[in-house]
Amino acid sequence: MRIWFKIWKDNHLIKDTTIEKNETDTRTHKIFQALEEACYQFDLGKPIWLDLTIAEFKRHAKARFTADCFVESIDFDYLEIHVIEED
């Protein structure tokens with residue numbers, strides 16, 4: 001599984017990273033682990049999965065974490081997660 005994480009500000013891509021998870025784990029665990037790794041790379045606190053975020057991710061395998069999803073303030077518009085390759 002490959003997951004692409006992107007940080008956007010003013011409609012510009014600021015940072016991005018792709019994380020690959022090949023463990024024999026559940027899809028959900030792989031996504032949570034990849035999100036934790038991406039947040040560590042970007043020096044961010046882990047965002048909260050709101051109901052809207054979960055619904056969007058289930059529908060499109062893509063979701064946006066806006067400022068509402070973070071406990072601390074952020075200096076960008078949103079963090080986007082996108083599953084680009086499934087096992």
# chains A, B, ... in the order shown; residues from 1 in each chain; ligands from 1
>>> closest_atom_pairs(of="region 24-50 of chain A", to="region 68-83 of chain A", cutoff="9 Å", atoms="only C-alpha atoms", output="Markdown table")
| residue | atom | partner | partner_atom | distance |
| --- | --- | --- | --- | --- |
| A:Ile31 | CA | A:Val83 | CA | 8.6 |
| A:Leu35 | CA | A:Ile81 | CA | 8.1 |
| A:Leu44 | CA | A:Ile74 | CA | 8.4 |
| A:Gly45 | CA | A:Phe70 | CA | 7.1 |
| A:Lys46 | CA | A:Phe70 | CA | 7.1 |
| A:Pro47 | CA | A:Phe70 | CA | 4.8 |
| A:Ile48 | CA | A:Cys69 | CA | 4.8 |
| A:Trp49 | CA | A:Cys69 | CA | 6.7 |
| A:Leu50 | CA | A:Cys69 | CA | 6.8 |
>>> select_by_dssp(residues="chain A", states="helix (DSSP H, G or I)", output="list of chain:residue names")
A:Arg27, A:Thr28, A:His29, A:Lys30, A:Ile31, A:Phe32, A:Gln33, A:Ala34, A:Leu35, A:Glu36, A:Glu37, A:Ala38, A:Cys39, A:Tyr40, A:Gln41, A:Phe42, A:Asp51, A:Leu52, A:Thr53, A:Ile54, A:Ala55, A:Glu56, A:Phe57, A:Lys58, A:Arg59, A:His60, A:Ala67, A:Asp68, A:Cys69
>>> write_last_selection(atoms="N, CA, C and O atoms", output="short mmCIF file (atom, residue, chain, number, x, y, z; two decimals), in the first residue's frame")
data_model
loop_
_atom_site.label_atom_id
_atom_site.label_comp_id
_atom_site.auth_asym_id
_atom_site.auth_seq_id
_atom_site.Cartn_x
_atom_site.Cartn_y
_atom_site.Cartn_z
N ARG A 27 -5.89 -2.86 6.66
CA ARG A 27 -5.83 -1.60 5.90
C ARG A 27 -5.86 -0.41 6.86
O ARG A 27 -5.10 0.55 6.72
N THR A 28 -6.74 -0.48 7.85
CA THR A 28 -6.88 0.61 8.81
C THR A 28 -5.59 0.84 9.59
O THR A 28 -5.15 1.98 9.75
N HIS A 29 -4.97 -0.23 10.06
CA HIS A 29 -3.72 -0.10 10.80
C HIS A 29 -2.62 0.50 9.93
O HIS A 29 -1.83 1.33 10.38
N LYS A 30 -2.56 0.07 8.67
CA LYS A 30 -1.55 0.62 7.76
C LYS A 30 -1.74 2.12 7.57
O LYS A 30 -0.77 2.88 7.56
N ILE A 31 -2.99 2.54 7.42
CA ILE A 31 -3.28 3.97 7.22
C ILE A 31 -2.92 4.77 8.46
O ILE A 31 -2.28 5.82 8.37
N PHE A 32 -3.30 4.27 9.65
CA PHE A 32 -2.97 4.97 10.89
C PHE A 32 -1.46 5.05 11.10
O PHE A 32 -0.94 6.08 11.52
N GLN A 33 -0.74 3.97 10.81
CA GLN A 33 0.73 3.97 10.96
C GLN A 33 1.37 4.93 9.98
O GLN A 33 2.30 5.67 10.33
N ALA A 34 0.88 4.95 8.75
CA ALA A 34 1.43 5.86 7.74
C ALA A 34 1.16 7.31 8.11
O ALA A 34 2.02 8.18 7.95
N LEU A 35 -0.04 7.58 8.63
CA LEU A 35 -0.37 8.94 9.07
C LEU A 35 0.55 9.38 10.20
O LEU A 35 1.03 10.51 10.22
N GLU A 36 0.83 8.48 11.12
CA GLU A 36 1.73 8.80 12.23
C GLU A 36 3.14 9.10 11.71
O GLU A 36 3.77 10.07 12.14
N GLU A 37 3.62 8.30 10.74
CA GLU A 37 4.94 8.55 10.15
C GLU A 37 4.99 9.88 9.42
O GLU A 37 5.96 10.64 9.54
N ALA A 38 3.94 10.19 8.65
CA ALA A 38 3.90 11.45 7.90
C ALA A 38 3.89 12.64 8.85
O ALA A 38 4.60 13.62 8.62
N CYS A 39 3.10 12.54 9.91
CA CYS A 39 3.05 13.64 10.88
C CYS A 39 4.40 13.83 11.57
O CYS A 39 4.82 14.95 11.83
N TYR A 40 5.10 12.73 11.81
CA TYR A 40 6.44 12.82 12.39
C TYR A 40 7.39 13.53 11.41
O TYR A 40 8.15 14.42 11.80
N GLN A 41 7.33 13.14 10.13
CA GLN A 41 8.19 13.78 9.11
C GLN A 41 7.88 15.27 8.97
O GLN A 41 8.77 16.08 8.77
N PHE A 42 6.60 15.63 9.04
CA PHE A 42 6.18 17.02 8.89
C PHE A 42 6.23 17.80 10.20
O PHE A 42 5.90 18.98 10.23
N ASP A 51 -16.07 12.76 11.69
CA ASP A 51 -17.01 11.95 10.91
C ASP A 51 -16.98 12.31 9.43
O ASP A 51 -17.02 11.43 8.57
N LEU A 52 -16.87 13.59 9.13
CA LEU A 52 -16.81 14.05 7.74
C LEU A 52 -15.54 13.53 7.04
O LEU A 52 -15.60 13.09 5.89
N THR A 53 -14.44 13.55 7.76
CA THR A 53 -13.17 13.06 7.21
C THR A 53 -13.26 11.56 6.92
O THR A 53 -12.81 11.10 5.86
N ILE A 54 -13.83 10.81 7.84
CA ILE A 54 -13.97 9.36 7.67
C ILE A 54 -14.86 9.06 6.47
O ILE A 54 -14.52 8.21 5.63
N ALA A 55 -15.98 9.75 6.36
CA ALA A 55 -16.90 9.53 5.24
C ALA A 55 -16.24 9.83 3.91
O ALA A 55 -16.38 9.07 2.94
N GLU A 56 -15.50 10.94 3.85
CA GLU A 56 -14.80 11.32 2.62
C GLU A 56 -13.75 10.26 2.26
O GLU A 56 -13.62 9.88 1.10
N PHE A 57 -13.03 9.77 3.27
CA PHE A 57 -11.99 8.78 3.02
C PHE A 57 -12.58 7.46 2.54
O PHE A 57 -12.05 6.82 1.64
N LYS A 58 -13.69 7.04 3.12
CA LYS A 58 -14.35 5.80 2.70
C LYS A 58 -14.83 5.90 1.26
O LYS A 58 -14.76 4.93 0.51
N ARG A 59 -15.32 7.06 0.88
CA ARG A 59 -15.87 7.26 -0.45
C ARG A 59 -14.80 7.36 -1.54
O ARG A 59 -14.95 6.81 -2.62
N HIS A 60 -13.70 8.06 -1.24
CA HIS A 60 -12.73 8.40 -2.30
C HIS A 60 -11.32 7.90 -2.05
O HIS A 60 -10.44 8.17 -2.87
N ALA A 67 -7.87 22.61 9.82
CA ALA A 67 -7.49 23.10 11.16
C ALA A 67 -8.39 22.52 12.25
O ALA A 67 -7.94 22.34 13.39
N ASP A 68 -9.64 22.21 11.93
CA ASP A 68 -10.57 21.63 12.90
C ASP A 68 -10.10 20.27 13.41
O ASP A 68 -10.51 19.84 14.47
N CYS A 69 -9.29 19.59 12.63
CA CYS A 69 -8.84 18.24 12.96
C CYS A 69 -7.59 18.23 13.84
O CYS A 69 -7.20 17.17 14.32
#
>>> residues_around(residues="Glu20 (chain A)", least_positions_apart="4", cutoff="7 Å", atoms="only C-alpha atoms", output="ChimeraX atom specification")
/A:1-3
>>> write_last_selection(atoms="N, CA, C and O atoms", output="PDB file, in the first residue's frame")
ATOM      1  N   MET A   1       0.844  -1.176   0.000  1.00  0.00           N
ATOM      2  CA  MET A   1       0.000   0.000   0.000  1.00  0.00           C
ATOM      3  C   MET A   1       0.890   1.240   0.000  1.00  0.00           C
ATOM      4  O   MET A   1       1.837   1.321   0.766  1.00  0.00           O
ATOM      5  N   ARG A   2       0.562   2.176  -0.878  1.00  0.00           N
ATOM      6  CA  ARG A   2       1.276   3.457  -0.911  1.00  0.00           C
ATOM      7  C   ARG A   2       0.292   4.580  -0.643  1.00  0.00           C
ATOM      8  O   ARG A   2      -0.778   4.624  -1.237  1.00  0.00           O
ATOM      9  N   ILE A   3       0.693   5.469   0.246  1.00  0.00           N
ATOM     10  CA  ILE A   3      -0.167   6.579   0.644  1.00  0.00           C
ATOM     11  C   ILE A   3       0.599   7.883   0.472  1.00  0.00           C
ATOM     12  O   ILE A   3       1.747   7.996   0.898  1.00  0.00           O
TER      13      ILE A   3
END
>>> atom_distance(atom1="CA of Ile84 (chain A)", atom2="CA of Asn22 (chain A)")
13.7 Å
>>> select_by_dssp(residues="region 9-69 of chain A", states="strand (DSSP E)", output="list in words")
Lys9, His12, Leu13, Ile14, Lys15, Asp16, Thr17, Thr18, Ile19, Glu20, Lys62, Ala63, Arg64, Phe65 and Thr66 of chain A
>>> write_last_selection(atoms="C-alpha atoms", output="short mmCIF file (atom, residue, chain, number, x, y, z; two decimals), in the first residue's frame")
data_model
loop_
_atom_site.label_atom_id
_atom_site.label_comp_id
_atom_site.auth_asym_id
_atom_site.auth_seq_id
_atom_site.Cartn_x
_atom_site.Cartn_y
_atom_site.Cartn_z
CA LYS A 9 -1.47 26.40 1.66
CA HIS A 12 0.00 25.53 -3.40
CA LEU A 13 1.63 22.25 -2.50
CA ILE A 14 4.05 23.05 0.32
CA LYS A 15 5.32 19.60 1.33
CA ASP A 16 4.60 16.03 0.37
CA THR A 17 5.74 12.53 1.14
CA THR A 18 4.79 9.04 0.05
CA ILE A 19 4.79 6.26 2.61
CA GLU A 20 4.74 2.61 1.68
CA LYS A 62 -8.74 10.50 -0.04
CA ALA A 63 -9.38 12.98 2.77
CA ARG A 64 -8.42 16.43 4.01
CA PHE A 65 -7.50 17.27 7.57
CA THR A 66 -8.27 20.95 8.11
#
>>> decode(residues="region 27-67 of chain A", atoms="N, CA and C atoms", output="PDB file, in the first residue's frame")
ATOM      1  N   ARG A  27      -5.893  -2.857   6.661  1.00  0.00           N
ATOM      2  CA  ARG A  27      -5.831  -1.598   5.904  1.00  0.00           C
ATOM      3  C   ARG A  27      -5.863  -0.409   6.864  1.00  0.00           C
ATOM      4  N   THR A  28      -6.739  -0.475   7.850  1.00  0.00           N
ATOM      5  CA  THR A  28      -6.877   0.613   8.811  1.00  0.00           C
ATOM      6  C   THR A  28      -5.590   0.839   9.592  1.00  0.00           C
ATOM      7  N   HIS A  29      -4.975  -0.232  10.059  1.00  0.00           N
ATOM      8  CA  HIS A  29      -3.716  -0.097  10.800  1.00  0.00           C
ATOM      9  C   HIS A  29      -2.616   0.497   9.925  1.00  0.00           C
ATOM     10  N   LYS A  30      -2.559   0.066   8.670  1.00  0.00           N
ATOM     11  CA  LYS A  30      -1.547   0.615   7.756  1.00  0.00           C
ATOM     12  C   LYS A  30      -1.739   2.120   7.568  1.00  0.00           C
ATOM     13  N   ILE A  31      -2.989   2.541   7.423  1.00  0.00           N
ATOM     14  CA  ILE A  31      -3.284   3.966   7.220  1.00  0.00           C
ATOM     15  C   ILE A  31      -2.921   4.768   8.462  1.00  0.00           C
ATOM     16  N   PHE A  32      -3.302   4.275   9.648  1.00  0.00           N
ATOM     17  CA  PHE A  32      -2.970   4.969  10.891  1.00  0.00           C
ATOM     18  C   PHE A  32      -1.457   5.051  11.100  1.00  0.00           C
ATOM     19  N   GLN A  33      -0.735   3.967  10.812  1.00  0.00           N
ATOM     20  CA  GLN A  33       0.725   3.966  10.961  1.00  0.00           C
ATOM     21  C   GLN A  33       1.372   4.932   9.978  1.00  0.00           C
ATOM     22  N   ALA A  34       0.885   4.946   8.745  1.00  0.00           N
ATOM     23  CA  ALA A  34       1.432   5.856   7.735  1.00  0.00           C
ATOM     24  C   ALA A  34       1.155   7.310   8.114  1.00  0.00           C
ATOM     25  N   LEU A  35      -0.039   7.584   8.632  1.00  0.00           N
ATOM     26  CA  LEU A  35      -0.373   8.941   9.072  1.00  0.00           C
ATOM     27  C   LEU A  35       0.546   9.380  10.205  1.00  0.00           C
ATOM     28  N   GLU A  36       0.825   8.477  11.122  1.00  0.00           N
ATOM     29  CA  GLU A  36       1.733   8.795  12.228  1.00  0.00           C
ATOM     30  C   GLU A  36       3.139   9.102  11.707  1.00  0.00           C
ATOM     31  N   GLU A  37       3.617   8.303  10.742  1.00  0.00           N
ATOM     32  CA  GLU A  37       4.943   8.547  10.150  1.00  0.00           C
ATOM     33  C   GLU A  37       4.985   9.883   9.419  1.00  0.00           C
ATOM     34  N   ALA A  38       3.943  10.185   8.652  1.00  0.00           N
ATOM     35  CA  ALA A  38       3.900  11.447   7.904  1.00  0.00           C
ATOM     36  C   ALA A  38       3.888  12.636   8.853  1.00  0.00           C
ATOM     37  N   CYS A  39       3.101  12.543   9.908  1.00  0.00           N
ATOM     38  CA  CYS A  39       3.051  13.645  10.884  1.00  0.00           C
ATOM     39  C   CYS A  39       4.402  13.827  11.568  1.00  0.00           C
ATOM     40  N   TYR A  40       5.104  12.734  11.810  1.00  0.00           N
ATOM     41  CA  TYR A  40       6.441  12.823  12.388  1.00  0.00           C
ATOM     42  C   TYR A  40       7.387  13.527  11.409  1.00  0.00           C
ATOM     43  N   GLN A  41       7.334  13.140  10.129  1.00  0.00           N
ATOM     44  CA  GLN A  41       8.186  13.780   9.113  1.00  0.00           C
ATOM     45  C   GLN A  41       7.878  15.268   8.971  1.00  0.00           C
ATOM     46  N   PHE A  42       6.602  15.628   9.037  1.00  0.00           N
ATOM     47  CA  PHE A  42       6.182  17.019   8.885  1.00  0.00           C
ATOM     48  C   PHE A  42       6.226  17.795  10.197  1.00  0.00           C
ATOM     49  N   ASP A  43       6.599  17.134  11.294  1.00  0.00           N
ATOM     50  CA  ASP A  43       6.642  17.734  12.630  1.00  0.00           C
ATOM     51  C   ASP A  43       5.268  18.296  13.021  1.00  0.00           C
ATOM     52  N   LEU A  44       4.256  17.442  12.895  1.00  0.00           N
ATOM     53  CA  LEU A  44       2.879  17.805  13.224  1.00  0.00           C
ATOM     54  C   LEU A  44       2.338  16.882  14.307  1.00  0.00           C
ATOM     55  N   GLY A  45       1.364  17.369  15.043  1.00  0.00           N
ATOM     56  CA  GLY A  45       0.608  16.495  15.922  1.00  0.00           C
ATOM     57  C   GLY A  45      -0.352  15.677  15.069  1.00  0.00           C
ATOM     58  N   LYS A  46      -0.742  14.502  15.545  1.00  0.00           N
ATOM     59  CA  LYS A  46      -1.661  13.669  14.767  1.00  0.00           C
ATOM     60  C   LYS A  46      -3.045  14.319  14.735  1.00  0.00           C
ATOM     61  N   PRO A  47      -3.658  14.353  13.555  1.00  0.00           N
ATOM     62  CA  PRO A  47      -5.002  14.933  13.450  1.00  0.00           C
ATOM     63  C   PRO A  47      -6.068  13.970  13.966  1.00  0.00           C
ATOM     64  N   ILE A  48      -7.223  14.525  14.247  1.00  0.00           N
ATOM     65  CA  ILE A  48      -8.372  13.756  14.696  1.00  0.00           C
ATOM     66  C   ILE A  48      -9.226  13.416  13.479  1.00  0.00           C
ATOM     67  N   TRP A  49      -9.692  12.173  13.410  1.00  0.00           N
ATOM     68  CA  TRP A  49     -10.569  11.752  12.321  1.00  0.00           C
ATOM     69  C   TRP A  49     -12.001  12.157  12.662  1.00  0.00           C
ATOM     70  N   LEU A  50     -12.476  13.228  12.068  1.00  0.00           N
ATOM     71  CA  LEU A  50     -13.863  13.646  12.257  1.00  0.00           C
ATOM     72  C   LEU A  50     -14.771  12.786  11.376  1.00  0.00           C
ATOM     73  N   ASP A  51     -16.065  12.756  11.692  1.00  0.00           N
ATOM     74  CA  ASP A  51     -17.009  11.949  10.912  1.00  0.00           C
ATOM     75  C   ASP A  51     -16.977  12.315   9.432  1.00  0.00           C
ATOM     76  N   LEU A  52     -16.872  13.591   9.128  1.00  0.00           N
ATOM     77  CA  LEU A  52     -16.808  14.046   7.740  1.00  0.00           C
ATOM     78  C   LEU A  52     -15.544  13.527   7.043  1.00  0.00           C
ATOM     79  N   THR A  53     -14.436  13.546   7.756  1.00  0.00           N
ATOM     80  CA  THR A  53     -13.167  13.057   7.209  1.00  0.00           C
ATOM     81  C   THR A  53     -13.257  11.564   6.920  1.00  0.00           C
ATOM     82  N   ILE A  54     -13.829  10.815   7.839  1.00  0.00           N
ATOM     83  CA  ILE A  54     -13.971   9.365   7.669  1.00  0.00           C
ATOM     84  C   ILE A  54     -14.857   9.055   6.468  1.00  0.00           C
ATOM     85  N   ALA A  55     -15.984   9.751   6.358  1.00  0.00           N
ATOM     86  CA  ALA A  55     -16.904   9.529   5.241  1.00  0.00           C
ATOM     87  C   ALA A  55     -16.244   9.834   3.905  1.00  0.00           C
ATOM     88  N   GLU A  56     -15.498  10.935   3.849  1.00  0.00           N
ATOM     89  CA  GLU A  56     -14.801  11.317   2.624  1.00  0.00           C
ATOM     90  C   GLU A  56     -13.753  10.264   2.256  1.00  0.00           C
ATOM     91  N   PHE A  57     -13.025   9.767   3.267  1.00  0.00           N
ATOM     92  CA  PHE A  57     -11.985   8.779   3.018  1.00  0.00           C
ATOM     93  C   PHE A  57     -12.582   7.457   2.540  1.00  0.00           C
ATOM     94  N   LYS A  58     -13.690   7.044   3.124  1.00  0.00           N
ATOM     95  CA  LYS A  58     -14.351   5.798   2.701  1.00  0.00           C
ATOM     96  C   LYS A  58     -14.829   5.895   1.258  1.00  0.00           C
ATOM     97  N   ARG A  59     -15.323   7.063   0.881  1.00  0.00           N
ATOM     98  CA  ARG A  59     -15.869   7.256  -0.454  1.00  0.00           C
ATOM     99  C   ARG A  59     -14.799   7.355  -1.537  1.00  0.00           C
ATOM    100  N   HIS A  60     -13.701   8.063  -1.241  1.00  0.00           N
ATOM    101  CA  HIS A  60     -12.735   8.397  -2.298  1.00  0.00           C
ATOM    102  C   HIS A  60     -11.319   7.899  -2.050  1.00  0.00           C
ATOM    103  N   ALA A  61     -11.062   7.245  -0.909  1.00  0.00           N
ATOM    104  CA  ALA A  61      -9.704   6.854  -0.503  1.00  0.00           C
ATOM    105  C   ALA A  61      -8.802   8.087  -0.455  1.00  0.00           C
ATOM    106  N   LYS A  62      -9.419   9.215  -0.089  1.00  0.00           N
ATOM    107  CA  LYS A  62      -8.737  10.503  -0.041  1.00  0.00           C
ATOM    108  C   LYS A  62      -9.474  11.365   0.980  1.00  0.00           C
ATOM    109  N   ALA A  63      -8.730  12.117   1.771  1.00  0.00           N
ATOM    110  CA  ALA A  63      -9.380  12.976   2.769  1.00  0.00           C
ATOM    111  C   ALA A  63      -8.493  14.175   3.072  1.00  0.00           C
ATOM    112  N   ARG A  64      -9.130  15.213   3.614  1.00  0.00           N
ATOM    113  CA  ARG A  64      -8.420  16.430   4.014  1.00  0.00           C
ATOM    114  C   ARG A  64      -8.596  16.650   5.504  1.00  0.00           C
ATOM    115  N   PHE A  65      -7.483  16.911   6.160  1.00  0.00           N
ATOM    116  CA  PHE A  65      -7.500  17.271   7.575  1.00  0.00           C
ATOM    117  C   PHE A  65      -7.291  18.776   7.658  1.00  0.00           C
ATOM    118  N   THR A  66      -8.343  19.496   7.997  1.00  0.00           N
ATOM    119  CA  THR A  66      -8.274  20.952   8.110  1.00  0.00           C
ATOM    120  C   THR A  66      -7.891  21.332   9.540  1.00  0.00           C
ATOM    121  N   ALA A  67      -7.867  22.608   9.823  1.00  0.00           N
ATOM    122  CA  ALA A  67      -7.487  23.098  11.159  1.00  0.00           C
ATOM    123  C   ALA A  67      -8.385  22.524  12.252  1.00  0.00           C
TER     124      ALA A  67
END
